[in-house]
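S.K.: Let me give you the structure first, and then I'll get to my questions.
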Amino acid sequence: MDKKPGTLRKSKALAVLFLALGIFAAALIVMRVCFYRFEYDPKYYPIDYGRFNFFSFFTVQSNLYVCFYLICLGLAFLGKNRAQRIVMNPMVRLSVTTYILVTGAVYCGGIPMGMTPPLYWNEFHPVLLSVVQIVHHMIMPPLVLILFFALPKSERIQAKKLPLIGIYPLVYSLFSIARGAVSDPQFYPYPFYRPEFFWDIFCKNREMTLPAAYLLMLPMLILGIGVFVLIAGVLAAIYNRTIKE
């Protein structure tokens with residue numbers, strides 16, 4: 001793959017492959033929005049928030065990042081220097097891999113608990129939704145993980161940069177919590193952003209007060225961001241060990 005450490009050799013075949021993958025994954029998102037139909041369980045989403053609210057989910061945003069990464073990778077195999085600098089940047093590779101792994105883990109972890117949408121294959125709209133779920137949550141995470149280690153590498157990931165991986169999930173979480181608190185009707189992309197979520201787990205026999213609920217949510221939020229940094233740390237440690245001194 002490489003002509004010198006940390007660079008990609010031109011390959012039209014690989015360029016076409018990764019461009020096709022990136023465009024296909026992005027096209028699924030576009031089709032999901034264009035053919036939008038409200039289908040959520042009213043227990044969790046009783047109100048139709050509109051087609052563009054689809055972009056509020058971290059799973060969608062992380063997959064958009066993957067689409068960008070794959071398209072850049074295809075352009076890099078065509079010899080585009082700017083694209084090559086992006087995909088060979090170890091922090092870009094680490095962040096896109098960490099985010100999509102969390103996306104895949106949350107989705108697949110929810111399957112046995114009945115928290116993920118079932119897959120249906122009986123007509124166009126359910127088929128579209130099922131393909132989106134499989135491609136974005138089951139195929140992309142292992143693919144990006146393989147690329148993280150398989151692509152050429154020359155620069156080590158510095159431990160002091162690992163906390164940077166937590167910045168985007170933190171900003172996303174704070175925005176989602178604040179948006180849910182002030183929007184009318186309220187919308188939280190995930191149940192654990194609701195102040196009632198952790199209160200019902202730890203203090204369900206007590207009357208909830210919002211300040212106390214948010215204070216209870218704070219350590220859970222810090223713990224969640226820590227998971228991102230921890231996953232990034234494990235990936236970085238393995239990545240650094242594969243670099244030839």
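Letters for chains follow the order of the structure tokens (A, B, ...), residue numbers begin at 1 for each chain, and ligand numbers begin at 1 in the order shown.
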Residues within 8 Å of range 87-96 of chain A, please, as a CSV table (one decimal) with N, CA, C and O atoms, in the first residue's frame. Count only C-alpha atoms; anything in the same chain fewer than 6 positions from it doesn't count.
M.R.:
chain,number,residue,atom,x,y,z
A,6,GLY,N,4.0,6.1,6.0
A,6,GLY,CA,3.0,7.1,6.2
A,6,GLY,C,2.4,7.7,5.0
A,6,GLY,O,1.7,8.6,5.0
A,7,THR,N,2.6,7.1,3.8
A,7,THR,CA,2.0,7.5,2.6
A,7,THR,C,1.3,6.4,1.8
A,7,THR,O,1.6,5.2,2.1
A,62,SER,N,-21.6,10.4,13.4
A,62,SER,CA,-20.4,9.7,13.3
A,62,SER,C,-20.3,9.0,12.0
A,62,SER,O,-19.2,8.8,11.4
A,65,TYR,N,-19.1,11.4,9.4
A,65,TYR,CA,-17.7,11.5,9.5
A,65,TYR,C,-17.0,10.4,8.8
A,65,TYR,O,-16.0,10.6,8.1
A,66,VAL,N,-17.5,9.2,8.9
A,66,VAL,CA,-17.0,8.0,8.3
A,66,VAL,C,-17.1,8.2,6.7
A,66,VAL,O,-16.1,7.9,6.0
A,69,TYR,N,-14.4,10.5,5.7
A,69,TYR,CA,-13.1,9.8,5.8
A,69,TYR,C,-12.9,8.8,4.6
A,69,TYR,O,-11.8,8.8,4.0
A,72,CYS,N,-12.3,10.8,1.4
A,72,CYS,CA,-10.9,11.3,1.4
A,72,CYS,C,-9.9,10.2,1.2
A,72,CYS,O,-8.9,10.4,0.5
A,73,LEU,N,-10.2,9.0,1.7
A,73,LEU,CA,-9.3,7.9,1.5
A,73,LEU,C,-9.2,7.5,0.0
A,73,LEU,O,-8.2,7.2,-0.6
A,76,ALA,N,-7.2,10.0,-1.7
A,76,ALA,CA,-5.8,9.8,-1.4
A,76,ALA,C,-5.2,8.8,-2.3
A,76,ALA,O,-4.0,8.9,-2.7
A,144,VAL,N,-13.8,0.4,9.6
A,144,VAL,CA,-13.0,1.5,10.0
A,144,VAL,C,-11.9,1.0,10.9
A,144,VAL,O,-10.8,1.5,10.9
A,148,PHE,N,-7.9,1.4,10.4
A,148,PHE,CA,-7.1,2.1,11.4
A,148,PHE,C,-5.8,1.5,11.5
A,148,PHE,O,-4.7,2.1,11.7
A,152,PRO,N,-0.9,2.5,6.1
A,152,PRO,CA,0.5,2.8,6.6
A,152,PRO,C,0.5,3.8,7.7
A,152,PRO,O,-0.4,4.7,7.8
A,153,LYS,N,1.5,3.8,8.5
A,153,LYS,CA,1.6,4.7,9.7
A,153,LYS,C,3.1,4.9,9.9
A,153,LYS,O,3.9,4.1,9.8
A,155,GLU,N,3.8,8.0,12.2
A,155,GLU,CA,3.8,9.0,13.4
A,155,GLU,C,3.0,8.3,14.6
A,155,GLU,O,1.9,7.9,14.4
A,156,ARG,N,3.6,8.4,15.7
A,156,ARG,CA,3.0,7.8,16.9
A,156,ARG,C,1.9,8.8,17.4
A,156,ARG,O,1.9,10.0,17.2
A,157,ILE,N,0.9,8.2,18.1
A,157,ILE,CA,-0.1,9.0,18.7
A,157,ILE,C,0.3,9.4,20.1
A,157,ILE,O,0.6,8.5,21.0
A,165,ILE,N,-10.1,13.6,22.0
A,165,ILE,CA,-11.1,12.7,21.5
A,165,ILE,C,-12.5,13.0,22.2
A,165,ILE,O,-13.5,12.8,21.6
A,232,ALA,N,-10.1,5.3,22.9
A,232,ALA,CA,-9.1,5.9,22.1
A,232,ALA,C,-7.7,5.5,22.7
A,232,ALA,O,-6.7,5.3,21.9
A,235,LEU,N,-6.8,1.9,21.6
A,235,LEU,CA,-6.5,1.9,20.2
A,235,LEU,C,-5.1,2.5,19.9
A,235,LEU,O,-4.4,2.0,19.1
A,236,ALA,N,-4.9,3.6,20.6
A,236,ALA,CA,-3.6,4.3,20.4
A,236,ALA,C,-2.4,3.5,20.9
A,236,ALA,O,-1.4,3.4,20.2
S.K.: Show which residues sit within 9 Å of Leu145 in chain A, as an NGL selection string. Count only C-alpha atoms, and ignore same-chain residues fewer than 6 positions away.
M.R.: :A and (97-98 or 100-101)
S.K.: So that I can check the surroundings of range 220-224 of chain A, please list as a list in words every protein, DNA and RNA residue that reaches within 10 Å of it, counting only C-alpha atoms and ignoring chain neighbours fewer than 6 positions away.
M.R.: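 In the requested format, the answer is Gly166, Pro169, Leu170, Ser173, Leu174, Phe192, Tyr193, Phe198, Tyr214 and Leu230 of chain A.
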S.K.: How would you write, as a count of residues only, the set of residues in range 6-238 of chain A that DSSP gives as alpha helix (DSSP H)?
M.R.: 147
S.K.: Give me the residues near Thr209 in chain A as a compact mmCIF listing (two decimals) with N, CA, C and O atoms, in the first residue's frame, where near means some atom within 12 Å (using only C-alpha atoms) and where sequence neighbours in that chain fewer than 5 positions away do not count.
M.R.:
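The resulting file, part_10.txt, is reproduced below:
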# COMPACT_ATOMS: atom_id res chain seq x y z
N PRO A 195 -33.06 14.23 32.28
CA PRO A 195 -32.73 14.29 33.72
C PRO A 195 -33.41 13.18 34.51
O PRO A 195 -32.90 12.75 35.55
N GLU A 196 -34.56 12.68 34.02
CA GLU A 196 -35.27 11.63 34.74
C GLU A 196 -34.56 10.27 34.66
O GLU A 196 -34.82 9.40 35.49
N TRP A 199 -32.11 9.61 37.52
CA TRP A 199 -32.87 9.77 38.77
C TRP A 199 -33.72 8.53 39.03
O TRP A 199 -33.79 8.04 40.16
N ASP A 200 -34.35 8.02 37.98
CA ASP A 200 -35.18 6.82 38.13
C ASP A 200 -34.35 5.60 38.49
O ASP A 200 -34.85 4.65 39.10
N CYS A 203 -32.54 7.14 42.33
CA CYS A 203 -33.35 7.81 43.36
C CYS A 203 -34.83 7.71 43.06
O CYS A 203 -35.59 8.66 43.28
N LYS A 204 -35.27 6.60 42.54
CA LYS A 204 -36.63 6.54 42.04
C LYS A 204 -37.70 6.61 43.13
O LYS A 204 -38.86 6.87 42.84
N TYR A 214 -29.76 17.10 37.49
CA TYR A 214 -28.63 17.48 36.64
C TYR A 214 -27.30 17.24 37.35
O TYR A 214 -26.30 16.85 36.72
N LEU A 215 -27.27 17.46 38.65
CA LEU A 215 -26.04 17.16 39.40
C LEU A 215 -25.74 15.67 39.38
O LEU A 215 -24.58 15.26 39.32
N LEU A 216 -26.79 14.86 39.45
CA LEU A 216 -26.61 13.41 39.37
C LEU A 216 -26.13 13.00 37.98
O LEU A 216 -25.35 12.05 37.84
S.K.: Let me make sure I understand: among A:Gly233, A:Ala181, A:Val60, A:Gly226, which one has the smallest atom-to-atom distance to Val132 in chain A if we use only C-alpha atoms?
M.R.: A:Val60
S.K.: Work out how far CA of Asn122 in chain A is from CA of Cys67 in chain A, in Å to one decimal.
M.R.: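 So the two atoms, CA of Cys67 in chain A and CA of Asn122 in chain A, lie 27.8 Å apart.
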